[in-house]
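Participant: Structure file target.csv, CSV, C-alpha atoms, is pasted below:
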chain,number,residue,atom,x,y,z
L,1,MET,CA,-39.1,1.3,-36.0
L,2,LYS,CA,-36.8,0.1,-33.1
L,3,TYR,CA,-38.6,-1.4,-30.1
L,4,THR,CA,-38.3,0.6,-26.9
L,5,PRO,CA,-38.3,-1.6,-23.7
L,6,PRO,CA,-40.3,-0.4,-20.7
L,7,ASP,CA,-38.4,1.5,-18.0
L,8,PRO,CA,-37.1,-0.7,-15.1
L,9,SER,CA,-39.9,0.4,-12.7
L,10,THR,CA,-42.5,-0.8,-15.2
L,11,PHE,CA,-40.6,-4.0,-15.7
L,12,LEU,CA,-40.5,-4.5,-11.9
L,13,SER,CA,-44.2,-4.0,-11.5
L,14,ARG,CA,-45.0,-6.4,-14.4
L,15,LEU,CA,-42.7,-8.9,-12.8
L,16,ALA,CA,-44.3,-8.6,-9.4
L,17,ALA,CA,-47.9,-9.0,-10.8
L,18,PHE,CA,-47.3,-12.7,-11.2
L,19,PRO,CA,-44.3,-13.3,-9.1
L,20,CYS,CA,-43.3,-16.7,-10.4
L,21,CYS,CA,-41.5,-16.0,-13.6
L,22,PRO,CA,-41.2,-18.8,-16.1
L,23,ALA,CA,-37.5,-19.7,-16.7
L,24,THR,CA,-37.5,-21.5,-20.1
L,25,THR,CA,-34.8,-23.8,-21.6
L,26,THR,CA,-36.5,-25.0,-24.8
L,27,GLY,CA,-38.7,-23.6,-27.5
L,28,GLU,CA,-41.6,-25.7,-26.4
L,29,GLN,CA,-41.3,-24.5,-22.9
L,30,PHE,CA,-41.1,-20.9,-24.1
L,31,ARG,CA,-44.4,-21.4,-26.0
L,32,ARG,CA,-46.1,-22.8,-22.9
L,33,ALA,CA,-44.7,-19.9,-20.9
L,34,LEU,CA,-46.4,-17.6,-23.3
L,35,ALA,CA,-49.7,-19.3,-22.5
L,36,SER,CA,-49.2,-18.7,-18.8
L,37,LYS,CA,-50.4,-15.7,-16.9
L,38,SER,CA,-47.0,-14.5,-16.1
L,39,GLU,CA,-46.2,-11.1,-17.6
L,40,VAL,CA,-42.5,-11.7,-17.9
L,41,VAL,CA,-40.7,-14.8,-19.4
L,42,LEU,CA,-37.0,-15.5,-18.9
L,43,ILE,CA,-35.1,-17.3,-21.6
L,44,LEU,CA,-32.3,-19.3,-20.1
L,45,ARG,CA,-31.3,-21.4,-23.1
L,46,ALA,CA,-31.8,-20.8,-26.7
L,47,ASN,CA,-29.9,-19.7,-29.8
L,48,GLY,CA,-29.1,-16.1,-28.9
L,49,LEU,CA,-28.6,-15.3,-32.6
L,50,ASP,CA,-32.2,-16.2,-33.4
L,51,LEU,CA,-34.3,-14.7,-30.6
L,52,ALA,CA,-36.0,-11.8,-32.4
L,53,PRO,CA,-39.0,-13.8,-33.7
L,54,PHE,CA,-39.6,-15.4,-30.3
L,55,ILE,CA,-39.4,-12.1,-28.5
L,56,GLY,CA,-41.7,-10.5,-31.1
L,57,GLN,CA,-44.2,-13.3,-30.5
L,58,ALA,CA,-44.1,-12.6,-26.7
L,59,HIS,CA,-44.6,-8.9,-27.3
L,60,GLN,CA,-47.6,-9.5,-29.4
L,61,LEU,CA,-49.1,-11.3,-26.5
L,62,GLY,CA,-48.3,-8.4,-24.2
L,63,LYS,CA,-45.4,-10.1,-22.4
L,64,LEU,CA,-41.9,-9.0,-21.6
L,65,VAL,CA,-38.8,-11.0,-22.2
L,66,ALA,CA,-35.6,-11.3,-20.2
L,67,VAL,CA,-32.7,-13.1,-21.8
L,68,HIS,CA,-29.8,-14.7,-19.9
L,69,LEU,CA,-26.8,-13.5,-21.8
L,70,ASP,CA,-24.3,-16.0,-20.1
L,71,LEU,CA,-26.4,-19.0,-21.0
L,72,VAL,CA,-27.8,-18.5,-24.5
L,73,SER,CA,-25.7,-20.0,-27.2
L,74,GLY,CA,-24.0,-18.1,-30.0
L,75,LEU,CA,-23.3,-15.0,-28.1
L,76,ARG,CA,-20.2,-13.9,-26.2
L,77,ALA,CA,-21.1,-11.9,-23.1
L,78,ASP,CA,-19.8,-8.5,-24.1
L,79,ARG,CA,-21.1,-5.0,-25.1
L,80,ALA,CA,-21.7,-6.1,-28.7
L,81,SER,CA,-24.0,-9.0,-27.7
L,82,VAL,CA,-25.9,-6.6,-25.3
L,83,GLN,CA,-26.5,-4.4,-28.3
L,84,TRP,CA,-27.6,-7.4,-30.3
L,85,LEU,CA,-30.1,-8.4,-27.7
L,86,ALA,CA,-31.5,-4.8,-27.6
L,87,GLU,CA,-32.0,-5.0,-31.4
L,88,SER,CA,-33.6,-8.4,-30.9
L,89,GLY,CA,-36.2,-6.7,-28.7
L,90,ALA,CA,-35.2,-8.0,-25.3
L,91,ASP,CA,-36.7,-6.1,-22.3
L,92,ALA,CA,-34.1,-7.2,-19.8
L,93,VAL,CA,-30.8,-9.0,-19.8
L,94,VAL,CA,-29.4,-11.2,-17.0
L,95,SER,CA,-25.7,-11.7,-16.5
L,96,SER,CA,-23.2,-12.5,-13.8
L,97,ARG,CA,-20.9,-9.9,-15.3
L,98,GLY,CA,-21.2,-6.7,-13.4
L,99,HIS,CA,-19.3,-4.7,-16.0
L,100,LEU,CA,-22.1,-5.3,-18.5
L,101,MET,CA,-24.8,-3.7,-16.4
L,102,ALA,CA,-24.0,-0.2,-17.6
L,103,ALA,CA,-24.2,-1.4,-21.2
L,104,ILE,CA,-27.5,-3.0,-20.6
L,105,ARG,CA,-28.9,0.1,-19.0
L,106,HIS,CA,-27.5,2.2,-21.9
L,107,GLU,CA,-29.6,0.2,-24.3
L,108,ARG,CA,-32.6,1.0,-22.0
L,109,MET,CA,-33.1,-2.6,-21.0
L,110,THR,CA,-33.5,-3.6,-17.4
L,111,ALA,CA,-30.2,-4.9,-16.0
L,112,ILE,CA,-30.3,-8.0,-13.9
L,113,GLN,CA,-27.1,-9.2,-12.2
L,114,ARG,CA,-26.8,-12.7,-10.8
L,115,LEU,CA,-25.4,-13.1,-7.3
L,116,LEU,CA,-24.2,-16.6,-6.8
L,117,LEU,CA,-24.4,-17.7,-3.2
L,118,VAL,CA,-21.7,-20.3,-3.0
L,119,ARG,CA,-19.5,-19.6,0.0
L,120,LEU,CA,-19.7,-17.1,2.7
L,121,THR,CA,-16.1,-15.8,2.0
L,122,HIS,CA,-17.1,-15.0,-1.6
L,123,LEU,CA,-20.2,-13.1,-0.6
L,124,SER,CA,-18.5,-9.8,0.0
L,125,THR,CA,-16.9,-9.9,-3.4
L,126,GLY,CA,-20.3,-10.4,-5.1
L,127,VAL,CA,-21.9,-7.7,-3.0
L,128,ALA,CA,-19.0,-5.3,-3.8
L,129,SER,CA,-19.5,-6.0,-7.5
L,130,ILE,CA,-23.2,-5.3,-7.3
L,131,ARG,CA,-22.5,-2.0,-5.5
L,132,ARG,CA,-20.1,-1.0,-8.3
L,133,SER,CA,-22.3,-2.0,-11.2
L,134,GLU,CA,-25.7,-0.8,-9.9
L,135,PRO,CA,-28.1,-3.2,-11.7
L,136,ASP,CA,-31.8,-2.7,-11.6
L,137,ILE,CA,-32.4,-6.1,-10.1
L,138,VAL,CA,-30.3,-8.8,-8.3
L,139,GLU,CA,-31.0,-12.4,-9.0
L,140,VAL,CA,-29.9,-14.6,-6.1
L,141,LEU,CA,-28.9,-18.2,-6.9
L,142,PRO,CA,-29.6,-20.8,-5.6
L,143,GLY,CA,-32.8,-19.0,-4.6
L,144,VAL,CA,-34.2,-21.7,-2.5
L,145,VAL,CA,-31.6,-21.1,0.2
L,146,LEU,CA,-32.3,-17.4,0.4
L,147,PRO,CA,-34.5,-17.7,3.5
L,148,GLN,CA,-31.6,-19.5,5.3
L,149,VAL,CA,-29.0,-16.9,4.4
L,150,ARG,CA,-31.0,-13.7,4.1
L,151,HIS,CA,-29.5,-12.5,7.4
L,152,LEU,CA,-26.0,-12.7,5.8
L,153,LEU,CA,-26.9,-10.4,2.9
L,154,PRO,CA,-26.4,-6.7,3.5
L,155,GLU,CA,-29.2,-4.3,2.5
L,156,LEU,CA,-28.6,-3.6,-1.2
L,157,GLY,CA,-31.5,-1.3,-1.8
L,158,LEU,CA,-32.3,-3.3,-4.9
L,159,SER,CA,-35.2,-5.6,-5.9
L,160,LEU,CA,-34.3,-9.3,-5.4
L,161,LEU,CA,-35.2,-12.1,-7.7
L,162,ALA,CA,-34.6,-15.6,-6.5
L,163,GLY,CA,-33.9,-18.5,-8.9
L,164,GLY,CA,-32.6,-22.1,-8.5
L,165,PHE,CA,-34.3,-25.2,-7.1
L,166,VAL,CA,-37.5,-23.3,-6.5
L,167,ARG,CA,-40.0,-26.2,-6.8
L,168,THR,CA,-43.1,-25.8,-4.6
L,169,THR,CA,-45.6,-23.1,-3.7
L,170,ASP,CA,-44.2,-23.2,-0.2
L,171,ASP,CA,-40.7,-22.4,-1.6
L,172,VAL,CA,-42.3,-19.5,-3.5
L,173,ARG,CA,-44.1,-18.2,-0.4
L,174,ALA,CA,-41.0,-18.4,1.7
L,175,LEU,CA,-39.0,-16.5,-0.8
L,176,LEU,CA,-41.6,-13.7,-1.2
L,177,GLU,CA,-41.9,-13.5,2.6
L,178,CYS,CA,-38.2,-13.1,3.0
L,179,GLY,CA,-38.1,-10.1,0.7
L,180,ALA,CA,-37.8,-11.4,-2.9
L,181,LEU,CA,-39.9,-9.4,-5.4
L,182,ALA,CA,-40.4,-12.5,-7.5
L,183,VAL,CA,-38.9,-15.9,-8.2
L,184,THR,CA,-37.8,-17.7,-11.4
L,185,SER,CA,-38.6,-21.3,-12.0
L,186,SER,CA,-38.7,-23.9,-14.7
L,187,LYS,CA,-41.4,-25.8,-12.8
L,188,GLU,CA,-44.4,-25.2,-15.0
L,189,GLU,CA,-47.0,-25.9,-12.3
L,190,LEU,CA,-45.6,-22.8,-10.4
L,191,TRP,CA,-46.2,-20.4,-13.2
L,192,ARG,CA,-49.8,-19.9,-12.1
L,193,PHE,CA,-48.8,-18.8,-8.7
L,194,PRO,CA,-50.5,-17.4,-6.6
L,195,TYR,CA,-53.4,-19.4,-8.2
L,196,ALA,CA,-51.5,-22.7,-8.3
Y,197,MET,CA,-15.1,-45.8,-2.1
Y,198,PRO,CA,-12.6,-43.9,0.2
Y,199,GLU,CA,-12.4,-47.1,2.2
Y,200,LYS,CA,-11.5,-49.0,-0.9
Y,201,LEU,CA,-8.6,-46.6,-1.4
Y,202,GLY,CA,-7.7,-47.0,2.3
Y,203,ILE,CA,-8.6,-43.4,2.9
Y,204,HIS,CA,-10.8,-42.3,5.8
Y,205,LEU,CA,-13.1,-39.4,4.9
Y,206,PRO,CA,-14.1,-37.5,8.1
Y,207,ARG,CA,-17.7,-36.6,8.6
Y,208,VAL,CA,-16.8,-32.9,9.2
Y,209,PHE,CA,-14.1,-30.7,7.9
Y,210,GLU,CA,-13.2,-27.4,9.4
Y,211,ALA,CA,-12.4,-24.9,6.7
Y,212,SER,CA,-9.1,-23.2,7.2
Y,213,ASP,CA,-6.5,-21.1,5.4
Y,214,GLY,CA,-4.0,-23.2,7.3
Y,215,ARG,CA,-1.9,-20.1,8.1
Y,216,ALA,CA,-2.4,-20.2,11.8
Y,217,ASP,CA,-1.1,-23.3,13.5
Y,218,CYS,CA,-4.5,-25.0,13.5
Y,219,GLU,CA,-5.4,-28.6,14.1
Y,220,PRO,CA,-8.9,-30.2,13.9
Y,221,PRO,CA,-10.7,-30.2,17.2
Y,222,LYS,CA,-10.0,-33.2,19.4
Y,223,GLY,CA,-12.8,-35.8,19.6
Y,224,GLY,CA,-15.3,-36.4,16.8
Y,225,ASP,CA,-14.7,-37.4,13.3
Y,226,THR,CA,-13.1,-34.1,12.1
Y,227,GLY,CA,-10.5,-33.0,9.6
Y,228,ILE,CA,-9.2,-29.8,8.1
Y,229,LEU,CA,-10.0,-28.5,4.6
Y,230,LEU,CA,-7.2,-26.2,3.5
Y,231,ARG,CA,-8.6,-23.5,1.1
Y,232,ASP,CA,-7.6,-20.0,0.2
Y,233,THR,CA,-4.2,-21.0,1.3
Y,234,SER,CA,-0.5,-20.9,0.3
Y,235,LEU,CA,2.2,-23.4,-0.6
Y,236,ALA,CA,4.0,-22.5,2.6
Y,237,ALA,CA,0.9,-23.4,4.7
Y,238,LEU,CA,0.5,-26.7,2.9
Y,239,MET,CA,4.0,-27.7,3.9
Y,240,VAL,CA,3.1,-27.0,7.6
Y,241,HIS,CA,0.2,-29.4,7.4
Y,242,ALA,CA,1.9,-32.2,5.4
Y,243,GLY,CA,2.5,-35.4,7.3
Y,244,ARG,CA,0.6,-34.5,10.4
Y,245,GLY,CA,-1.5,-37.1,12.1
Y,246,TYR,CA,-4.8,-35.6,11.2
Y,247,ALA,CA,-7.0,-35.8,8.1
Y,248,VAL,CA,-6.4,-32.9,5.7
Y,249,ALA,CA,-8.2,-32.2,2.4
Y,250,VAL,CA,-6.8,-29.6,0.0
Y,251,ASP,CA,-8.7,-27.4,-2.4
Y,252,ILE,CA,-6.2,-27.4,-5.2
Y,253,ASP,CA,-7.8,-24.5,-7.0
Y,254,SER,CA,-7.3,-22.0,-4.1
Y,255,VAL,CA,-3.7,-22.5,-3.2
Y,256,GLU,CA,-1.7,-19.4,-4.1
Y,257,GLY,CA,1.1,-20.3,-6.5
Y,258,LEU,CA,0.0,-23.8,-7.2
Y,259,SER,CA,-1.3,-24.9,-10.7
Y,260,ASP,CA,-3.8,-27.7,-11.2
Y,261,ASP,CA,-1.7,-29.7,-13.7
Y,262,GLY,CA,0.0,-33.1,-13.3
Y,263,ALA,CA,3.0,-31.7,-11.6
Y,264,ALA,CA,0.9,-30.0,-9.0
Y,265,CYS,CA,-1.2,-33.1,-8.4
Y,266,GLU,CA,2.0,-35.2,-7.9
Y,267,PHE,CA,3.4,-32.6,-5.5
Y,268,LEU,CA,0.2,-32.7,-3.4
Y,269,VAL,CA,-0.4,-36.4,-3.4
Y,270,LEU,CA,3.0,-38.1,-3.8
Y,271,ARG,CA,5.3,-35.6,-2.2
Y,272,LEU,CA,3.2,-34.0,0.6
Y,273,GLY,CA,1.0,-37.1,1.1
Y,274,PHE,CA,-2.4,-35.4,1.0
Y,275,ARG,CA,-5.0,-38.1,0.3
Y,276,ILE,CA,-8.1,-36.0,-0.3
Y,277,VAL,CA,-8.1,-33.3,-3.0
Y,278,LEU,CA,-10.9,-31.0,-4.2
Y,279,ALA,CA,-10.7,-30.0,-7.8
Y,280,HIS,CA,-12.6,-27.8,-10.3
Y,281,HIS,CA,-11.5,-29.5,-13.5
Y,282,PRO,CA,-12.4,-33.1,-14.4
Y,283,ALA,CA,-8.9,-33.6,-15.8
Y,284,THR,CA,-7.3,-32.6,-12.5
Y,285,ALA,CA,-9.7,-34.9,-10.6
Y,286,ALA,CA,-8.8,-37.7,-12.9
Y,287,THR,CA,-5.1,-37.2,-12.3
Y,288,ILE,CA,-5.6,-37.1,-8.5
Y,289,ALA,CA,-7.6,-40.4,-8.7
Y,290,GLU,CA,-4.9,-42.0,-10.8
Y,291,LEU,CA,-2.3,-41.2,-8.2
Y,292,GLY,CA,-4.4,-43.1,-5.6
Y,293,ALA,CA,-5.9,-40.2,-3.7
Y,294,LEU,CA,-9.6,-39.4,-3.3
Y,295,ALA,CA,-10.6,-36.8,-5.8
Y,296,LEU,CA,-13.7,-34.7,-5.2
Y,297,LEU,CA,-14.9,-32.9,-8.3
Y,298,ARG,CA,-16.7,-29.6,-7.7
Y,299,VAL,CA,-20.3,-29.4,-8.8
Y,300,PHE,CA,-21.9,-26.0,-8.8
Y,301,ALA,CA,-25.5,-26.5,-7.7
Y,302,VAL,CA,-27.1,-23.1,-8.2
Y,303,ASP,CA,-30.0,-24.3,-10.3
Y,304,SER,CA,-31.4,-27.6,-11.6
Y,305,THR,CA,-30.6,-26.8,-15.3
Y,306,GLY,CA,-27.0,-25.9,-14.5
Y,307,LEU,CA,-26.6,-28.9,-12.2
Y,308,ARG,CA,-27.8,-31.4,-14.8
Y,309,SER,CA,-25.8,-29.9,-17.7
Y,310,SER,CA,-22.7,-29.7,-15.6
Y,311,LEU,CA,-23.0,-33.4,-14.7
Y,312,GLU,CA,-23.8,-34.4,-18.3
Y,313,SER,CA,-21.0,-32.4,-19.9
Y,314,ASN,CA,-18.4,-33.4,-17.3
Y,315,PRO,CA,-19.2,-36.9,-16.1
Y,316,PRO,CA,-16.8,-37.8,-13.3
Y,317,GLY,CA,-14.7,-40.8,-13.9
Y,318,ALA,CA,-14.3,-43.8,-11.6
Y,319,GLY,CA,-12.9,-43.2,-8.1
Y,320,ILE,CA,-14.1,-39.5,-8.1
Y,321,GLY,CA,-16.6,-38.1,-5.7
Y,322,SER,CA,-18.4,-34.7,-5.6
Y,323,VAL,CA,-18.1,-31.5,-3.8
Y,324,VAL,CA,-21.5,-29.8,-3.9
Y,325,SER,CA,-21.3,-26.1,-3.8
Y,326,PRO,CA,-23.1,-24.5,-2.0
Y,327,GLY,CA,-23.5,-27.5,0.3
Y,328,LEU,CA,-26.5,-25.8,1.9
Y,329,VAL,CA,-28.6,-26.6,-1.2
Y,330,LEU,CA,-28.1,-30.4,-0.8
Y,331,PRO,CA,-31.3,-31.0,1.3
Y,332,HIS,CA,-33.3,-29.2,-1.4
Y,333,LEU,CA,-32.2,-31.5,-4.2
Y,334,GLY,CA,-34.6,-34.1,-5.5
Y,335,ALA,CA,-33.9,-37.8,-5.1
Y,336,ASP,CA,-33.2,-38.0,-8.8
Y,337,GLU,CA,-30.6,-35.2,-8.6
Y,338,LEU,CA,-28.9,-36.7,-5.5
Y,339,ALA,CA,-28.6,-40.0,-7.4
Y,340,LEU,CA,-26.7,-38.3,-10.2
Y,341,LEU,CA,-24.0,-37.1,-7.8
Y,342,PRO,CA,-21.1,-39.4,-7.6
Y,343,ARG,CA,-20.3,-40.5,-4.0
Y,344,PRO,CA,-18.8,-39.7,-1.7
Y,345,ILE,CA,-20.5,-36.3,-1.5
Y,346,LEU,CA,-18.8,-33.4,0.4
Y,347,ALA,CA,-21.2,-30.5,1.1
Y,348,TYR,CA,-19.3,-27.3,1.1
Y,349,GLY,CA,-20.5,-23.7,1.4
Y,350,LEU,CA,-23.0,-21.6,3.5
Y,351,ILE,CA,-23.7,-24.4,6.0
Y,352,ASP,CA,-23.9,-22.5,9.3
Y,353,ARG,CA,-27.0,-23.1,11.5
Y,354,PRO,CA,-27.3,-26.3,13.5
Y,355,ALA,CA,-30.6,-27.2,11.7
Y,356,ASP,CA,-28.9,-26.8,8.3
Y,357,ILE,CA,-25.9,-28.7,9.5
Y,358,ALA,CA,-28.1,-31.6,10.6
Y,359,ALA,CA,-30.0,-31.6,7.3
Y,360,CYS,CA,-26.8,-31.5,5.2
Y,361,MET,CA,-25.3,-34.4,7.2
Y,362,ARG,CA,-28.3,-36.5,6.4
Y,363,CYS,CA,-27.6,-36.1,2.6
Y,364,ALA,CA,-23.8,-35.9,2.5
Y,365,ASP,CA,-21.0,-38.2,3.4
Y,366,ALA,CA,-19.1,-35.2,4.8
Y,367,ILE,CA,-19.6,-31.5,5.3
Y,368,VAL,CA,-17.4,-28.4,5.6
Y,369,LEU,CA,-18.0,-25.9,8.4
Y,370,SER,CA,-16.4,-22.7,9.6
Y,371,ARG,CA,-14.8,-22.8,13.0
Y,372,GLY,CA,-17.7,-20.9,14.5
Y,373,ALA,CA,-20.3,-23.1,12.9
Y,374,LEU,CA,-18.4,-26.2,14.2
Y,375,ALA,CA,-18.4,-24.8,17.7
Y,376,ARG,CA,-22.2,-24.2,17.6
Y,377,ALA,CA,-22.7,-27.6,16.1
Y,378,ARG,CA,-21.0,-29.3,19.0
Y,379,THR,CA,-23.6,-28.0,21.4
Y,380,SER,CA,-26.5,-28.9,19.1
Y,381,LYS,CA,-28.9,-31.7,20.1
Y,382,ALA,CA,-29.8,-32.3,16.5
Y,383,LEU,CA,-26.3,-33.1,15.6
Y,384,ALA,CA,-26.0,-35.5,18.5
Y,385,GLU,CA,-29.0,-37.3,17.2
Y,386,ILE,CA,-27.4,-37.6,13.7
Y,387,ALA,CA,-24.2,-38.9,15.2
Y,388,ARG,CA,-26.2,-41.6,17.1
Y,389,GLU,CA,-28.1,-42.5,13.9
Y,390,ALA,CA,-24.8,-42.8,12.1
Y,391,GLN,CA,-23.4,-45.0,14.8
Y,392,GLN,CA,-26.5,-47.3,14.8
Y,393,THR,CA,-26.2,-47.6,11.0
Y,394,ALA,CA,-22.6,-48.5,11.2
Y,395,GLY,CA,-23.2,-50.9,14.0
Rewrite the structure of this file - the entire thing - as C-alpha cells.

Facilitator:
Amino acid sequence: MKYTPPDPSTFLSRLAAFPCCPATTTGEQFRRALASKSEVVLILRANGLDLAPFIGQAHQLGKLVAVHLDLVSGLRADRASVQWLAESGADAVVSSRGHLMAAIRHERMTAIQRLLLVRLTHLSTGVASIRRSEPDIVEVLPGVVLPQVRHLLPELGLSLLAGGFVRTTDDVRALLECGALAVTSSKEELWRFPYA
Amino acid sequence: MPEKLGIHLPRVFEASDGRADCEPPKGGDTGILLRDTSLAALMVHAGRGYAVAVDIDSVEGLSDDGAACEFLVLRLGFRIVLAHHPATAATIAELGALALLRVFAVDSTGLRSSLESNPPGAGIGSVVSPGLVLPHLGADELALLPRPILAYGLIDRPADIAACMRCADAIVLSRGALARARTSKALAEIAREAQQTAG
C-alpha cells in the first residue's frame, strides 16, 4: 500500500515540536538523527535513488523525512523525480525551484522552497517566485543572518525555516525569536534543543 | 597579493550599475563595483582615475570567455574582476588582473563542497556572497577562503559593516549604506585600527 504523508499542518506542528531539525549529509549522521528527539529529519546529501529503506526506517521510529531534491545525487530536479520521492515515502521535499512546488503538493508532500539571501537586489525576485509558487514552508538561507535582515523581508504569510551556519543555541533562540518556525542544522549538539 | 600585482584593492566598494555618471565618494579608500551593468556603461568608466571592479557575470551582452576577459583587462584596463566560474577567474589572473572568484556561502556544507570542488588557482581571491555571513564563519572556514576576500551582499547596518570589515579585505556597500557608514563611530574605530596595523 502506498504511504500517505501527513498534511502540511501536521508536518509543521511536528517540525515545531523540536525546532532544531537535523540536516544530515551522511548515512551515519542520518542514523544519529533518528536517535535524536527531533520529529523531522532533513536529508541534504544521499543517493536519491536509494532513499526508500532509510525513509522507511525513519517512519518505523515515528519520524518524518524531508529530502532536498537539488542536493541528493542521482536525481534531476523535475516532476518525475518529485514523483520518485513520493514513491520513496518522503514527507516533504525541499527545492529552490519554485515551479516544482505544485508538483510536490500534488503528491501530497509538504513543499519547502528555498529562499537564498545573497543580495538585496535579488530579494524581490526570490519573493516574487515564492508568491507565484505558494510553497507550504520557506527555508531561508543563510539562516544565521535572518535576524539581521528580517526587516527587509516582506510578510509572506508562510512558515519560515532557517538553515545555514546555525551553530549555537543562541543562534537558534535568535532565529525563533525573529519569527522562524524552526531551524535546520548539521550541528548534532543542537538537535536536542531546547534541552541542549 | 593585489600589491604583488601592483593593484590596489580599496577597502570599500560602492555597488553601482554605472549608468549614472557616478564616481566613488571623495576621501577614504573607496572604489566602484560595476554590476548589473551594460557594455556601454563599462566604456564610460574605463581609464578613469578611480578604482573600478567589474562583475563579469552581470554585464549585459558580455560573455565570460577568453575574449571577454581580454576585452575587460587588456582593452578597457580594469584590474579587478569578479567571476563566477573558476576558468574565467583563471583567465583573468593569467592576464595580470586580480580575479575574485565567487563563493556562495549559504550553508557550511555548500561552502566546503564548493571550495573543494573548485579550488581557486594561484593569484585568485574570493568574493563571499552574501558578505553579511562572513562574521558568522568559523576560523577554519575563513582559513579555507583564498585572500583577498571581498564581502559582497546584504551588508547594510553600521554594526554589520564594522563586523564584515574586520574579517574581509574589502566590502561592497550600496550608496545608502556607505553614507550611513560614514557617520558611524564603529567604522571610524575600524579605520583607526587598520591605520595602526599598517603603521

Participant: Which residues are close to stretch 125-131 of chain L, i.e. within 8 Å by only C-alpha atoms, leaving aside same-chain residues fewer than 6 positions away? Reply as a PyMOL selection string.

Facilitator: chain L and resi 98+113+115-116+138+154+156

Participant: Between Y:Ala335, Y:Leu350, Y:Val299, Y:Val368, which one has atoms that come closest to chain L, using all atoms listed in the file?

Facilitator: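 Checking each candidate against chain L, we get Y:Leu350 as the closest.
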
Participant: From the list L:Arg132, L:Arg114, L:Arg119, L:Arg76, which residue is nearest chain Y when using all atoms listed in the file?

Facilitator: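 With all atoms listed in the file as the atom set, the closest residue is L:Arg119.
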
Participant: Enumerate as a list in words the residues belonging to chain Y that approach chain L to within 6 Å, with only C-alpha atoms taken into account.

Facilitator: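 Interface list for chain Y against chain L: Val302, Asp303, Ser304, Ser325, Pro326, Gly349 and Leu350 of chain Y.
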
Participant: Just give me the gap between atom CA of L:Leu51 and atom CA of L:Met101 in Å, one decimal is fine.

Facilitator: 20.3 Å

Participant: Taking (-40.4, -7.0, -33.6) in the file's coordinates, which residues come within 12 Å, counting all atoms listed in the file, written as a compact mmCIF listing (two decimals) with C-alpha atoms, in the frame of the given file?

Facilitator:
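result-v2.txt written:
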# COMPACT_ATOMS: atom_id res chain seq x y z
CA MET L 1 -39.10 1.30 -36.00
CA LYS L 2 -36.80 0.10 -33.10
CA TYR L 3 -38.60 -1.40 -30.10
CA THR L 4 -38.30 0.60 -26.90
CA PRO L 5 -38.30 -1.60 -23.70
CA LEU L 51 -34.30 -14.70 -30.60
CA ALA L 52 -36.00 -11.80 -32.40
CA PRO L 53 -39.00 -13.80 -33.70
CA PHE L 54 -39.60 -15.40 -30.30
CA ILE L 55 -39.40 -12.10 -28.50
CA GLY L 56 -41.70 -10.50 -31.10
CA GLN L 57 -44.20 -13.30 -30.50
CA ALA L 58 -44.10 -12.60 -26.70
CA HIS L 59 -44.60 -8.90 -27.30
CA GLN L 60 -47.60 -9.50 -29.40
CA LEU L 85 -30.10 -8.40 -27.70
CA ALA L 86 -31.50 -4.80 -27.60
CA GLU L 87 -32.00 -5.00 -31.40
CA SER L 88 -33.60 -8.40 -30.90
CA GLY L 89 -36.20 -6.70 -28.70
CA ALA L 90 -35.20 -8.00 -25.30
CA ASP L 91 -36.70 -6.10 -22.30

Participant: Please report the interatomic distance between atom CA of Y:Cys265 and atom CA of Y:Pro206 in Å with one decimal.

Facilitator: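 Rounded to one decimal, the two atoms are 21.4 Å apart.
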
Participant: With a distance cut-off of 7 Å and only C-alpha atoms, select the neighbouring residues of Y:Arg298, excluding the residue or stretch itself and same-chain residues fewer than 5 positions from it, and output the selection as a PyMOL selection string.

Facilitator: chain Y and resi 278-280+322-325

Participant: Can you work out which one of L:Ser36, L:Asn47, L:Thr168, L:Ser159 has the shortest atom-to-atom distance to L:Ala180, counting only C-alpha atoms?

Facilitator: L:Ser159

Participant: Of the candidates Y:Arg371, Y:Ala301, Y:Ala318, Y:Leu229, which shows the shortest atom-to-atom distance to Y:Leu338, using all atoms listed in the file?

Facilitator: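 Going through Y:Arg371, Y:Ala301, Y:Ala318, Y:Leu229 one by one, the smallest distance to Y:Leu338 is for Y:Ala301.
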
Participant: Which residues are near Y:Cys360? Cut-off 8 Å, all atoms listed in the file, ignore same chain within fewer than 2 positions. Put them as a list in words.

Facilitator: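 Close residues of Y:Cys360: Gly327, Leu328, Leu330, Pro331, Ala347, Ile351, Asp356, Ile357, Ala358, Arg362, Cys363, Ala364 and Ile367 of chain Y.
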
Participant: Would you output that residue set with C-alpha atoms, as a PDB file, in the coordinates of the input?

Facilitator:
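Saved the output as part-v3.pdb:
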ATOM      1  CA  GLY Y 327     -23.500 -27.500   0.300  1.00  0.00           C
ATOM      2  CA  LEU Y 328     -26.500 -25.800   1.900  1.00  0.00           C
ATOM      3  CA  LEU Y 330     -28.100 -30.400  -0.800  1.00  0.00           C
ATOM      4  CA  PRO Y 331     -31.300 -31.000   1.300  1.00  0.00           C
ATOM      5  CA  ALA Y 347     -21.200 -30.500   1.100  1.00  0.00           C
ATOM      6  CA  ILE Y 351     -23.700 -24.400   6.000  1.00  0.00           C
ATOM      7  CA  ASP Y 356     -28.900 -26.800   8.300  1.00  0.00           C
ATOM      8  CA  ILE Y 357     -25.900 -28.700   9.500  1.00  0.00           C
ATOM      9  CA  ALA Y 358     -28.100 -31.600  10.600  1.00  0.00           C
ATOM     10  CA  ARG Y 362     -28.300 -36.500   6.400  1.00  0.00           C
ATOM     11  CA  CYS Y 363     -27.600 -36.100   2.600  1.00  0.00           C
ATOM     12  CA  ALA Y 364     -23.800 -35.900   2.500  1.00  0.00           C
ATOM     13  CA  ILE Y 367     -19.600 -31.500   5.300  1.00  0.00           C
TER      14      ILE Y 367
END

Participant: Rounded to one decimal, what separation in Å do you get between atom CA of L:Gly179 and atom CA of L:Leu15?

Facilitator: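 Separation of atom CA of L:Gly179 and atom CA of L:Leu15: 14.3 Å.
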
Participant: Might you pull out every residue within 12 Å of L:Thr10, with all atoms listed in the file counted and same-chain residues fewer than 2 positions away left off, and present them as a VMD selection string?

Facilitator: chain L and resid 5 to 8 12 to 17 39 to 40 64 91 to 92 109 to 110 136

Participant: When you count only C-alpha atoms, which of these residues is closest to L:Pro22: L:Val183, L:Val82, L:Ala77, L:Leu100?

Facilitator: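 Result for the nearest residue to L:Pro22: L:Val183.
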
Participant: Restricting the calculation to only C-alpha atoms: of L:Ser133, L:Ser81, L:Thr26, L:Ser95, which residue gets closest to L:Gly48?

Facilitator: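 Comparing L:Ser133, L:Ser81, L:Thr26, L:Ser95 against L:Gly48, the winner is L:Ser81.
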